[in-house]
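Data file: my_file38.cif. Format and content: mmCIF, C-alpha atoms.
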data_target
#
loop_
_atom_site.label_atom_id
_atom_site.label_comp_id
_atom_site.auth_asym_id
_atom_site.auth_seq_id
_atom_site.Cartn_x
_atom_site.Cartn_y
_atom_site.Cartn_z
CA MET A 1 50.67 2.23 37.16
CA GLU A 2 53.92 1.92 35.20
CA ALA A 3 57.47 1.77 36.56
CA TYR A 4 60.00 3.83 34.63
CA ILE A 5 63.79 3.76 34.77
CA TYR A 6 65.05 7.32 34.97
CA ASP A 7 68.73 6.49 35.18
CA ALA A 8 71.11 3.58 35.69
CA ILE A 9 74.75 3.62 36.74
CA ARG A 10 77.42 1.04 37.47
CA THR A 11 81.04 0.90 38.49
CA PRO A 12 83.67 -0.90 36.44
CA ARG A 13 84.20 -4.51 37.45
CA GLY A 14 87.51 -5.05 39.22
CA ARG A 15 89.25 -8.41 39.53
CA GLY A 16 88.01 -9.96 42.74
CA LYS A 17 91.41 -10.78 44.16
CA SER A 18 93.84 -9.11 46.54
CA ASP A 19 95.74 -7.61 43.59
CA GLY A 20 92.59 -6.29 41.93
CA SER A 21 92.23 -2.53 41.55
CA LEU A 22 89.13 -2.34 43.76
CA HIS A 23 90.46 -4.48 46.60
CA ASP A 24 91.27 -1.43 48.74
CA ILE A 25 87.79 0.03 48.20
CA GLN A 26 85.32 -1.02 50.90
CA PRO A 27 81.94 -2.36 49.75
CA VAL A 28 80.08 0.62 51.22
CA GLN A 29 82.33 2.91 49.16
CA LEU A 30 81.55 0.96 45.99
CA LEU A 31 77.84 1.27 46.63
CA SER A 32 77.96 4.91 47.66
CA THR A 33 79.86 5.65 44.42
CA VAL A 34 76.83 4.79 42.30
CA LEU A 35 74.39 6.46 44.71
CA LYS A 36 76.40 9.68 44.61
CA ALA A 37 76.59 9.52 40.81
CA LEU A 38 72.81 9.17 40.51
CA LYS A 39 72.32 12.11 42.85
CA GLU A 40 74.82 14.38 41.11
CA ARG A 41 74.06 13.78 37.48
CA ASN A 42 70.30 14.07 38.00
CA ALA A 43 70.43 16.97 40.49
CA LEU A 44 68.32 14.64 42.63
CA ASP A 45 66.48 15.86 45.71
CA THR A 46 67.15 12.71 47.71
CA SER A 47 64.40 13.49 50.21
CA LEU A 48 62.01 12.30 47.47
CA VAL A 49 63.52 8.79 47.43
CA ASP A 50 61.25 6.36 49.28
CA ASP A 51 63.74 3.54 49.69
CA VAL A 52 67.06 2.08 48.53
CA ILE A 53 66.95 -1.68 47.86
CA MET A 54 70.30 -3.38 47.29
CA GLY A 55 71.26 -6.95 46.56
CA CYS A 56 74.25 -8.53 48.28
CA VAL A 57 75.01 -12.25 48.25
CA SER A 58 77.45 -12.44 51.18
CA PRO A 59 75.98 -9.95 53.66
CA ILE A 60 78.52 -10.42 56.45
CA GLY A 61 81.50 -8.47 57.73
CA GLU A 62 81.94 -5.27 55.72
CA GLN A 63 78.88 -6.20 53.63
CA GLY A 64 76.70 -7.04 56.62
CA GLY A 65 74.43 -4.95 58.79
CA ASP A 66 72.18 -3.63 55.99
CA ILE A 67 74.77 -2.20 53.61
CA ALA A 68 72.02 -0.35 51.71
CA ARG A 69 71.26 1.94 54.65
CA ALA A 70 74.98 2.39 55.34
CA ALA A 71 75.56 3.47 51.72
CA VAL A 72 72.62 5.89 51.88
CA LEU A 73 74.30 7.66 54.79
CA GLU A 74 77.76 7.50 53.20
CA ALA A 75 76.42 8.97 49.95
CA GLY A 76 74.97 12.00 51.74
CA TYR A 77 71.32 11.21 51.05
CA ALA A 78 68.56 12.68 53.17
CA GLU A 79 68.21 10.95 56.55
CA THR A 80 64.61 10.13 55.63
CA VAL A 81 65.76 7.66 52.96
CA ALA A 82 65.52 4.06 54.14
CA GLY A 83 67.64 1.15 52.93
CA VAL A 84 67.30 -2.63 52.79
CA GLN A 85 69.56 -5.47 51.68
CA VAL A 86 68.14 -8.50 49.81
CA ASN A 87 69.66 -11.83 48.81
CA ARG A 88 68.49 -14.10 46.01
CA PHE A 89 72.02 -15.28 45.28
CA CYS A 90 73.35 -14.29 41.84
CA SER A 91 70.12 -12.56 40.87
CA SER A 92 70.05 -10.26 43.90
CA GLY A 93 70.71 -7.05 41.93
CA LEU A 94 67.90 -7.77 39.48
CA GLU A 95 65.63 -8.95 42.27
CA ALA A 96 66.10 -5.57 43.96
CA ILE A 97 65.10 -3.78 40.73
CA ASN A 98 62.04 -5.99 40.35
CA MET A 99 61.03 -5.30 43.96
CA ALA A 100 61.35 -1.57 43.31
CA ALA A 101 59.19 -1.89 40.21
CA ALA A 102 56.56 -3.81 42.15
CA TYR A 103 56.39 -1.10 44.81
CA VAL A 104 56.01 1.61 42.16
CA MET A 105 53.49 -0.34 40.06
CA SER A 106 51.31 -0.97 43.11
CA GLY A 107 51.33 2.68 44.10
CA GLN A 108 53.18 2.07 47.37
CA ALA A 109 56.23 4.14 46.36
CA ASP A 110 56.99 6.98 43.97
CA LEU A 111 60.77 6.68 43.65
CA ILE A 112 63.16 3.89 44.64
CA ILE A 113 66.83 3.28 43.88
CA ALA A 114 67.66 -0.39 43.49
CA GLY A 115 70.67 -2.46 42.49
CA GLY A 116 73.45 -4.34 44.20
CA VAL A 117 77.03 -4.61 45.36
CA GLU A 118 79.64 -7.29 45.92
CA SER A 119 83.27 -6.98 46.93
CA MET A 120 84.44 -10.53 46.33
CA SER A 121 88.07 -9.61 46.95
CA ARG A 122 87.23 -8.52 50.52
CA VAL A 123 84.29 -10.79 51.39
CA PRO A 124 84.90 -14.20 49.77
CA MET A 125 82.11 -16.07 48.03
CA GLY A 126 80.37 -18.54 50.34
CA SER A 127 81.69 -16.92 53.50
CA ASP A 128 78.15 -16.55 54.83
CA GLY A 129 77.60 -20.33 54.76
CA GLY A 130 74.05 -21.69 54.62
CA ALA A 131 72.17 -24.98 54.59
CA LEU A 132 72.48 -25.46 50.83
CA MET A 133 76.25 -25.72 51.22
CA MET A 134 76.73 -26.93 54.79
CA ASN A 135 73.87 -29.23 55.83
CA PRO A 136 74.96 -32.84 55.08
CA GLU A 137 71.49 -34.32 55.35
CA MET A 138 69.99 -31.75 53.00
CA ILE A 139 72.87 -32.10 50.53
CA ALA A 140 72.50 -35.88 50.47
CA HIS A 141 68.71 -35.85 50.22
CA HIS A 142 68.49 -33.32 47.37
CA LYS A 143 71.77 -34.36 45.65
CA LEU A 144 73.17 -30.83 45.90
CA VAL A 145 76.53 -30.23 44.20
CA PRO A 146 78.69 -27.14 43.53
CA GLN A 147 77.64 -25.02 40.57
CA GLY A 148 80.68 -26.06 38.52
CA ILE A 149 79.57 -29.68 38.69
CA SER A 150 76.07 -28.56 37.67
CA ALA A 151 77.48 -26.66 34.68
CA ASP A 152 79.46 -29.71 33.57
CA LEU A 153 76.34 -31.84 34.08
CA ILE A 154 74.45 -29.52 31.70
CA ALA A 155 77.26 -29.76 29.14
CA THR A 156 77.18 -33.55 29.42
CA LYS A 157 73.40 -33.89 29.26
CA TYR A 158 73.10 -31.60 26.24
CA ASN A 159 76.29 -32.72 24.46
CA TYR A 160 78.33 -29.52 24.57
CA SER A 161 81.95 -30.34 23.84
CA ARG A 162 85.02 -28.67 25.32
CA THR A 163 85.69 -26.99 21.98
CA GLU A 164 82.13 -25.63 21.80
CA VAL A 165 82.18 -24.05 25.26
CA ASP A 166 85.67 -22.64 24.62
CA THR A 167 84.48 -21.18 21.31
CA TYR A 168 81.60 -19.47 23.10
CA ALA A 169 83.97 -18.07 25.72
CA ALA A 170 86.42 -16.71 23.16
CA GLU A 171 83.57 -14.91 21.41
CA SER A 172 82.43 -13.37 24.70
CA VAL A 173 85.90 -11.92 25.15
CA ARG A 174 86.05 -10.67 21.56
CA ARG A 175 82.77 -8.83 22.02
CA ALA A 176 83.90 -7.31 25.32
CA VAL A 177 87.13 -6.07 23.75
CA GLU A 178 85.12 -4.46 20.96
CA ALA A 179 82.66 -2.90 23.41
CA GLN A 180 85.40 -1.47 25.59
CA LYS A 181 87.29 -0.13 22.58
CA ASN A 182 84.18 1.65 21.30
CA ALA A 183 82.93 2.84 24.71
CA TYR A 184 79.62 0.97 24.59
CA TYR A 185 79.28 1.04 28.39
CA LYS A 186 77.81 4.55 28.67
CA SER A 187 76.34 4.00 32.13
CA MET A 188 79.70 3.29 33.79
CA VAL A 189 81.30 5.75 36.23
CA ALA A 190 84.84 5.59 37.57
CA VAL A 191 85.62 4.58 41.13
CA LYS A 192 87.73 7.17 42.94
CA ASP A 193 89.61 7.14 46.22
CA GLU A 194 89.12 9.44 49.20
CA ILE A 195 91.14 12.26 47.64
CA GLY A 196 89.42 12.05 44.26
CA LEU A 197 92.03 10.10 42.31
CA THR A 198 90.69 7.54 39.85
CA VAL A 199 91.16 3.98 41.05
CA LEU A 200 89.46 2.19 38.13
CA ASP A 201 87.61 3.49 35.08
CA ARG A 202 87.24 0.36 32.93
CA ASP A 203 86.35 -3.29 33.37
CA GLU A 204 89.55 -4.89 34.54
CA GLY A 205 89.08 -8.57 33.77
CA ILE A 206 89.10 -8.57 29.97
CA ARG A 207 91.85 -10.79 28.55
CA PRO A 208 92.20 -9.58 24.94
CA ASP A 209 94.62 -12.34 23.92
CA THR A 210 92.04 -15.06 24.61
CA THR A 211 91.59 -17.60 21.79
CA VAL A 212 90.04 -21.04 21.52
CA GLU A 213 93.58 -22.40 21.32
CA SER A 214 94.71 -20.64 24.51
CA LEU A 215 91.59 -21.79 26.35
CA SER A 216 92.16 -25.38 25.24
CA LYS A 217 95.32 -25.51 27.37
CA LEU A 218 93.47 -24.87 30.65
CA LYS A 219 92.65 -27.80 32.89
CA PRO A 220 89.02 -28.53 33.84
CA ALA A 221 88.29 -26.77 37.12
CA PHE A 222 85.81 -29.23 38.61
CA GLU A 223 87.13 -32.64 37.59
CA MET A 224 89.05 -33.21 40.83
CA ILE A 225 86.20 -32.35 43.21
CA GLY A 226 83.91 -34.37 40.98
CA SER A 227 86.11 -37.42 41.45
CA MET A 228 85.81 -37.02 45.23
CA GLY A 229 82.19 -38.16 45.19
CA LEU A 230 80.32 -35.14 43.86
CA ASP A 231 79.96 -36.54 40.33
CA ALA A 232 78.58 -39.72 41.84
CA LEU A 233 76.11 -37.71 43.93
CA ALA A 234 74.78 -35.87 40.85
CA LEU A 235 74.64 -39.09 38.81
CA MET A 236 72.40 -40.68 41.44
CA LYS A 237 69.71 -38.34 40.13
CA TYR A 238 70.86 -38.31 36.48
CA ASN A 239 71.47 -42.03 36.32
CA HIS A 240 70.90 -42.23 32.56
CA LEU A 241 74.36 -40.66 32.20
CA VAL A 242 77.44 -42.85 32.59
CA SER A 243 79.77 -40.05 33.70
CA ILE A 244 80.14 -36.26 33.71
CA ASN A 245 82.31 -34.67 31.04
CA HIS A 246 84.20 -31.84 32.74
CA VAL A 247 84.53 -29.01 30.20
CA HIS A 248 84.39 -25.82 32.29
CA HIS A 249 87.46 -24.02 33.60
CA ALA A 250 88.60 -20.54 34.59
CA GLY A 251 88.53 -19.33 31.00
CA ASN A 252 84.95 -20.30 30.13
CA SER A 253 83.37 -19.58 33.53
CA SER A 254 82.47 -16.22 35.08
CA GLN A 255 85.25 -14.27 36.72
CA ILE A 256 85.21 -13.38 40.42
CA SER A 257 84.81 -9.59 40.58
CA ASP A 258 84.11 -6.49 42.63
CA GLY A 259 81.48 -3.96 41.57
CA ALA A 260 78.21 -2.14 42.16
CA GLY A 261 75.23 -0.91 40.16
CA ALA A 262 72.10 1.15 40.81
CA VAL A 263 68.90 1.93 38.89
CA MET A 264 66.46 4.75 39.67
CA VAL A 265 62.87 3.49 39.36
CA GLY A 266 59.85 5.76 39.65
CA ASN A 267 56.35 6.53 38.44
CA LYS A 268 55.44 9.03 35.74
CA ALA A 269 54.40 11.81 38.13
CA MET A 270 57.70 11.68 40.00
CA GLY A 271 59.66 11.85 36.77
CA GLU A 272 57.73 14.94 35.74
CA LYS A 273 58.28 16.50 39.16
CA LEU A 274 62.02 15.95 38.88
CA GLY A 275 62.13 17.02 35.23
CA LEU A 276 63.61 13.68 34.18
CA LYS A 277 63.07 11.80 30.95
CA PRO A 278 62.75 8.03 31.38
CA ARG A 279 65.28 5.78 29.68
CA ALA A 280 62.97 2.76 29.73
CA ARG A 281 60.02 1.15 31.44
CA ILE A 282 59.92 -2.21 33.20
CA LYS A 283 57.28 -4.23 31.40
CA ALA A 284 57.28 -7.54 33.29
CA PHE A 285 59.37 -9.67 35.62
CA GLY A 286 59.25 -13.08 37.27
CA VAL A 287 61.12 -15.82 39.08
CA VAL A 288 60.93 -19.63 39.06
CA GLY A 289 62.36 -22.57 40.96
CA SER A 290 64.13 -25.28 38.98
CA GLU A 291 65.68 -28.70 39.62
CA PRO A 292 68.40 -28.07 42.24
CA THR A 293 71.05 -30.61 41.21
CA ILE A 294 71.48 -29.40 37.64
CA MET A 295 70.57 -26.02 39.19
CA LEU A 296 71.46 -23.58 36.39
CA THR A 297 68.67 -24.12 33.84
CA GLY A 298 66.32 -21.56 35.45
CA PRO A 299 66.71 -18.77 32.85
CA ILE A 300 64.71 -20.84 30.34
CA PRO A 301 61.47 -21.30 32.34
CA ALA A 302 61.88 -17.84 33.89
CA THR A 303 61.98 -16.29 30.42
CA GLN A 304 59.00 -18.35 29.27
CA LYS A 305 57.05 -17.27 32.36
CA VAL A 306 57.76 -13.56 31.97
CA LEU A 307 56.94 -13.66 28.24
CA ARG A 308 53.55 -15.21 29.04
CA ARG A 309 52.97 -12.56 31.69
CA ALA A 310 53.77 -9.81 29.19
CA GLY A 311 51.72 -11.38 26.38
CA MET A 312 54.84 -11.63 24.23
CA ASN A 313 56.83 -14.34 22.47
CA ILE A 314 60.57 -14.82 22.19
CA ASN A 315 60.72 -13.08 18.81
CA ASP A 316 59.34 -9.89 20.37
CA ILE A 317 62.59 -9.43 22.31
CA ASP A 318 65.28 -7.55 20.37
CA ILE A 319 68.28 -8.22 22.62
CA PHE A 320 69.13 -10.38 25.62
CA GLU A 321 71.54 -10.32 28.55
CA VAL A 322 71.96 -13.89 29.79
CA ASN A 323 74.42 -14.08 32.66
CA GLU A 324 77.44 -16.14 31.70
CA ALA A 325 77.91 -17.99 34.98
CA PHE A 326 79.36 -20.76 32.81
CA ALA A 327 79.48 -21.02 29.03
CA ALA A 328 76.91 -23.83 28.86
CA ILE A 329 74.21 -21.62 30.44
CA PRO A 330 73.67 -19.12 27.59
CA MET A 331 74.36 -21.87 25.06
CA LEU A 332 71.47 -23.95 26.42
CA PHE A 333 69.27 -20.84 26.66
CA MET A 334 69.82 -20.05 22.97
CA ASP A 335 69.29 -23.64 21.86
CA LYS A 336 66.14 -24.28 23.88
CA LEU A 337 64.44 -20.96 23.08
CA GLY A 338 65.67 -20.59 19.49
CA VAL A 339 67.51 -17.30 20.07
CA ASP A 340 70.22 -16.15 17.65
CA HIS A 341 73.60 -15.55 19.30
CA ALA A 342 73.71 -12.19 17.51
CA LYS A 343 71.03 -11.00 19.97
CA VAL A 344 72.66 -12.33 23.14
CA ASN A 345 75.32 -10.59 25.25
CA ILE A 346 76.26 -8.25 22.45
CA SER A 347 78.89 -6.46 24.53
CA GLY A 348 80.35 -9.58 26.09
CA GLY A 349 79.39 -11.26 29.33
CA ALA A 350 80.61 -12.40 32.73
CA ILE A 351 83.17 -14.79 31.23
CA ALA A 352 85.02 -11.79 29.84
CA LEU A 353 83.95 -9.07 32.25
CA GLY A 354 83.25 -10.64 35.62
CA HIS A 355 80.36 -11.56 37.90
CA PRO A 356 80.23 -9.52 41.13
CA LEU A 357 77.37 -11.66 42.44
CA GLY A 358 74.95 -9.23 44.15
CA ALA A 359 75.69 -6.47 41.64
CA THR A 360 75.49 -8.45 38.42
CA GLY A 361 71.73 -8.17 37.83
CA ALA A 362 71.95 -4.39 38.15
CA ILE A 363 75.02 -4.22 35.93
CA LEU A 364 73.33 -6.31 33.23
CA SER A 365 70.37 -3.94 33.42
CA THR A 366 72.63 -0.96 32.73
CA THR A 367 74.25 -2.90 29.89
CA ILE A 368 70.98 -3.69 28.18
CA LEU A 369 69.80 -0.07 28.52
CA ASP A 370 73.07 1.14 26.97
CA GLU A 371 72.76 -1.34 24.13
CA MET A 372 69.10 -0.55 23.45
CA GLU A 373 69.97 3.14 23.20
CA ARG A 374 73.08 2.54 21.10
CA SER A 375 71.34 0.25 18.61
CA GLY A 376 67.88 1.83 18.68
CA LYS A 377 66.28 -1.44 19.73
CA GLY A 378 62.98 -1.35 21.59
CA THR A 379 62.89 -4.36 23.90
CA GLY A 380 65.45 -6.17 26.03
CA LEU A 381 65.37 -9.09 28.44
CA VAL A 382 67.78 -9.76 31.32
CA THR A 383 67.96 -13.22 32.87
CA LEU A 384 70.20 -15.03 35.35
CA CYS A 385 70.54 -18.55 36.69
CA ILE A 386 70.48 -18.73 40.48
CA GLY A 387 72.03 -21.00 43.10
CA GLY A 388 69.78 -23.61 44.68
CA GLY A 389 67.92 -24.04 41.38
CA MET A 390 66.11 -20.83 40.44
CA GLY A 391 65.84 -18.40 37.55
CA ILE A 392 64.85 -14.75 37.10
CA ALA A 393 63.93 -12.63 34.08
CA THR A 394 62.92 -9.01 33.47
CA ILE A 395 61.69 -7.32 30.27
CA PHE A 396 62.67 -3.70 29.58
CA GLU A 397 61.10 -1.42 26.97
CA ARG A 398 62.92 1.64 25.71
CA VAL A 399 61.09 4.95 26.03
#

So that I can check it, write out the structure of this file as structure tokens.
Amino acid sequence: MEAYIYDAIRTPRGRGKSDGSLHDIQPVQLLSTVLKALKERNALDTSLVDDVIMGCVSPIGEQGGDIARAAVLEAGYAETVAGVQVNRFCSSGLEAINMAAAYVMSGQADLIIAGGVESMSRVPMGSDGGALMMNPEMIAHHKLVPQGISADLIATKYNYSRTEVDTYAAESVRRAVEAQKNAYYKSMVAVKDEIGLTVLDRDEGIRPDTTVESLSKLKPAFEMIGSMGLDALALMKYNHLVSINHVHHAGNSSQISDGAGAVMVGNKAMGEKLGLKPRARIKAFGVVGSEPTIMLTGPIPATQKVLRRAGMNINDIDIFEVNEAFAAIPMLFMDKLGVDHAKVNISGGAIALGHPLGATGAILSTTILDEMERSGKGTGLVTLCIGGGMGIATIFERV
């Protein structure tokens, strides 16, 4: 049985700080915004929805207690609709979509809404703790370092210079400016307050004056913590390197953001019952574990795995969304898999637009659907690196 995407919606990404436009919007409101939009624009009988699966990376406080079920109630869905929160770190939103597809493909569900949410301005990153960040014995044994050190380790190992990563970042911003100017993000809906006034209707983090020259003036973000023993910890495993060249900073790394996204996944019979035309089908998906010190190389083996599963090769994919956690990640992806930059992150990426952790996989899925429809392309692949050393990839086919 095939899993079709009948619609996909996201909020704008707000700056994930106290002065960001979405800071006063609670996470459950962000998530209910996209659920309400799916219901309204598809005249959806929500009693037909089997489940709502939502990714969230810091599920505590306002984001705790199964935010998916809370958002179902807040959005006015039928009481019969269940909800569950899942966490696979940065890939949580895409993981939720893949889980929905698996349920539909196996015949265990007819219609599921999946996606993710993260309000990083209200629930700070890492506030939920965990052994990967807090267990000294585990950190020492596995040589676990912060992701910024891992990104700089990748740049060092694969000889990416400061100028090269800054050039990539400036191009990401240029593309995002162009996409926003030309309204490429068709699946975006505005966030409104309790009385219906628009709070945010466009991605807030784009810095249109970004250039390679302006980025060159920023100080490396991870050099200081590296000098406090974390570089030495990583180099115990990568002892063929003399030192780590710190090239990543706030301007060529993903922005902290608030946002939500949701995708409606169902089988063919349910689409016909609802009178909906599918936007795409989910062809294949997969996850991998990868070496946890360098941590962020997972998109490469994840993509290779999902291509094998689909019986495809890299040239069969028309466009890619590779999450820009740090500039070196998509750069390595393109170099190792032989992918032209013209096919990757066509509308800009997280460096320019932001990375609301649990929501990002869902937002990238809406982006690739929008771009496939805009350009007439037939196949797209979304992939993200994941904390702890993992990768995820999903192939979409336009219908």

* Using all atoms listed in the file, determine which residues lie at most 12 Å from Arg13 (chain A), disregarding the query and same-chain residues fewer than 2 positions distant; provide the list as a PyMOL selection string. => chain A and resi 10-11+15-17+20-23+30+117-121+185+188-191+199-206+255-261+349-350+352-357+359-360+363-364

* Residue with smallest distance to Lys36 (chain A) - pool A:Val212, A:Leu233, A:Ala362, A:Ile113, counting all atoms listed in the file -> A:Ile113

* Step by step, work through what the PyMOL selection byres ((chain A and resi 230) around 9) selects in the shown file, and finish by giving those residues as a list in words. =>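 This file gives the following for the PyMOL selection byres ((chain A and resi 230) around 9): Lys143, Leu144, Val145, Pro146, Ile149, Ile225, Gly226, Ser227, Met228, Gly229, Asp231, Ala232, Leu233, Ala234 and Leu235 of chain A.
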
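By only C-alpha atoms, and with residues fewer than 6 positions from region 325-337 of chain A along its chain excluded, the set lying at most 8 Å from it is A:Gly148, A:Ala151, A:Asp152, A:Ile154, A:Ala155, A:Tyr158, A:Tyr160, A:Val165, A:Asp166, A:Tyr168, A:Ala169, A:His248, A:Asn252, A:Ser253, A:Ser254, A:Leu296, A:Thr297, A:Pro299, A:Ile300, A:Ile314, A:Ala350, A:Ile351, A:His355, A:Cys385.
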
* To do: Calculate how many Å separate CA of Ala131 (chain A) from CA of Gly389 (chain A), rounding to one decimal.
  =>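 Going from CA of Ala131 (chain A) over to CA of Gly389 (chain A) covers 13.9 Å.
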
* Asked: Just so the selection is clear, what residues does the PyMOL selection byres ((chain A and resi 315) around 12) cover here, as a list in words?
  ->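 Evaluating the PyMOL selection byres ((chain A and resi 315) around 12) on this file yields Gln304, Leu307, Gly311, Met312, Asn313, Ile314, Asp316, Ile317, Asp318, Ile319, Phe320, Leu337, Gly338, Val339, Asp340, Lys343, Thr379, Gly380 and Leu381 of chain A.
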
* To do: Go through A:Ser91, A:Thr211, A:Thr366, A:Ser18 one by one, measure the shortest atom-to-atom distance of each to Lys186 (chain A) using only C-alpha atoms, and give the residue with the smallest value.
  =>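 Distance minimum relative to Lys186 (chain A) lands on A:Thr366.
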
* Could you please determine the separation between CA of Val84 (chain A) and CA of Ile67 (chain A) in Å, to one decimal place? => 7.5 Å

* Given the PyMOL selection byres ((chain A and resi 109) around 10), the residues it picks as a list in words -> Val49, Asp50, Asp51, Ala100, Ala101, Ala102, Tyr103, Val104, Met105, Ser106, Gly107, Gln108, Asp110, Leu111, Ile112, Val265, Gly266, Asn267 and Met270 of chain A

(77.8, 7.8, 53.5) in this file's frame - what residues fall within 12 Å of it? Use all atoms listed in the file and give the answer as a compact mmCIF listing (two decimals) with C-alpha atoms, in the frame of the given file.
# COMPACT_ATOMS: atom_id res chain seq x y z
CA GLN A 26 85.32 -1.02 50.90
CA PRO A 27 81.94 -2.36 49.75
CA VAL A 28 80.08 0.62 51.22
CA GLN A 29 82.33 2.91 49.16
CA LEU A 30 81.55 0.96 45.99
CA LEU A 31 77.84 1.27 46.63
CA SER A 32 77.96 4.91 47.66
CA THR A 33 79.86 5.65 44.42
CA VAL A 34 76.83 4.79 42.30
CA LEU A 35 74.39 6.46 44.71
CA LYS A 36 76.40 9.68 44.61
CA ILE A 67 74.77 -2.20 53.61
CA ALA A 68 72.02 -0.35 51.71
CA ARG A 69 71.26 1.94 54.65
CA ALA A 70 74.98 2.39 55.34
CA ALA A 71 75.56 3.47 51.72
CA VAL A 72 72.62 5.89 51.88
CA LEU A 73 74.30 7.66 54.79
CA GLU A 74 77.76 7.50 53.20
CA ALA A 75 76.42 8.97 49.95
CA GLY A 76 74.97 12.00 51.74
CA TYR A 77 71.32 11.21 51.05
CA ALA A 78 68.56 12.68 53.17
CA GLU A 79 68.21 10.95 56.55

* Asked: What is the distance between CA of Val344 (chain A) and CA of Met125 (chain A), in Å to one decimal?
  ->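 CA of Met125 (chain A) lies 26.9 Å from CA of Val344 (chain A).
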
* For Leu241 (chain A), which of A:Leu153, A:Pro59, A:Ala8, A:Ser161 is the closest residue, counting only C-alpha atoms? -> A:Leu153

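You can rank A:Gly65, A:Pro136, A:Gly378, A:Gly391 by their closest distance to Gly289 (chain A) using all atoms listed in the file, and at the top of that list sits A:Gly391.
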
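In this comparison, which uses all atoms listed in the file, the residue of A:Phe396, A:Ile386, A:Tyr238, A:Lys39 approaching Ser290 (chain A) most closely is A:Ile386.
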
* Pick the closest to Val322 (chain A) from A:Ala342, A:Ala393, A:Ile244, A:Val382: which is it, counting all atoms listed in the file? -> A:Val382

* Exercise: residues within 9 Å of coordinate (81.6, -15.6, 50.5), counting all atoms listed in the file, as a PyMOL selection string -> chain A and resi 57-60+120+123-129

Would you mind putting back N, CA and C atoms on region 220-234 of chain A, then writing it out as a tab-separated table (two decimals), in the frame of the given file?
chain	number	residue	atom	x	y	z
A	220	PRO	N	90.38	-28.62	33.29
A	220	PRO	CA	89.02	-28.53	33.84
A	220	PRO	C	89.07	-28.20	35.33
A	221	ALA	N	88.22	-27.27	35.75
A	221	ALA	CA	88.29	-26.77	37.12
A	221	ALA	C	87.59	-27.68	38.13
A	222	PHE	N	86.66	-28.50	37.67
A	222	PHE	CA	85.81	-29.23	38.61
A	222	PHE	C	85.96	-30.75	38.52
A	223	GLU	N	86.93	-31.20	37.75
A	223	GLU	CA	87.13	-32.64	37.59
A	223	GLU	C	87.60	-33.28	38.89
A	224	MET	N	88.51	-32.62	39.61
A	224	MET	CA	89.05	-33.21	40.83
A	224	MET	C	87.98	-33.34	41.91
A	225	ILE	N	87.23	-32.25	42.17
A	225	ILE	CA	86.20	-32.35	43.21
A	225	ILE	C	85.09	-33.31	42.78
A	226	GLY	N	84.88	-33.41	41.48
A	226	GLY	CA	83.91	-34.37	40.98
A	226	GLY	C	84.31	-35.79	41.31
A	227	SER	N	85.60	-36.07	41.18
A	227	SER	CA	86.11	-37.42	41.45
A	227	SER	C	86.06	-37.78	42.93
A	228	MET	N	85.85	-36.79	43.79
A	228	MET	CA	85.81	-37.02	45.23
A	228	MET	C	84.41	-37.37	45.73
A	229	GLY	N	83.53	-37.72	44.82
A	229	GLY	CA	82.19	-38.16	45.19
A	229	GLY	C	81.06	-37.27	44.73
A	230	LEU	N	81.38	-36.06	44.26
A	230	LEU	CA	80.32	-35.14	43.86
A	230	LEU	C	79.71	-35.52	42.51
A	231	ASP	N	80.53	-36.03	41.58
A	231	ASP	CA	79.96	-36.54	40.33
A	231	ASP	C	78.99	-37.68	40.63
A	232	ALA	N	79.42	-38.58	41.50
A	232	ALA	CA	78.58	-39.72	41.84
A	232	ALA	C	77.26	-39.28	42.47
A	233	LEU	N	77.33	-38.23	43.29
A	233	LEU	CA	76.11	-37.71	43.93
A	233	LEU	C	75.14	-37.19	42.87
A	234	ALA	N	75.65	-36.41	41.91
A	234	ALA	CA	74.78	-35.87	40.85
A	234	ALA	C	74.23	-36.99	39.97
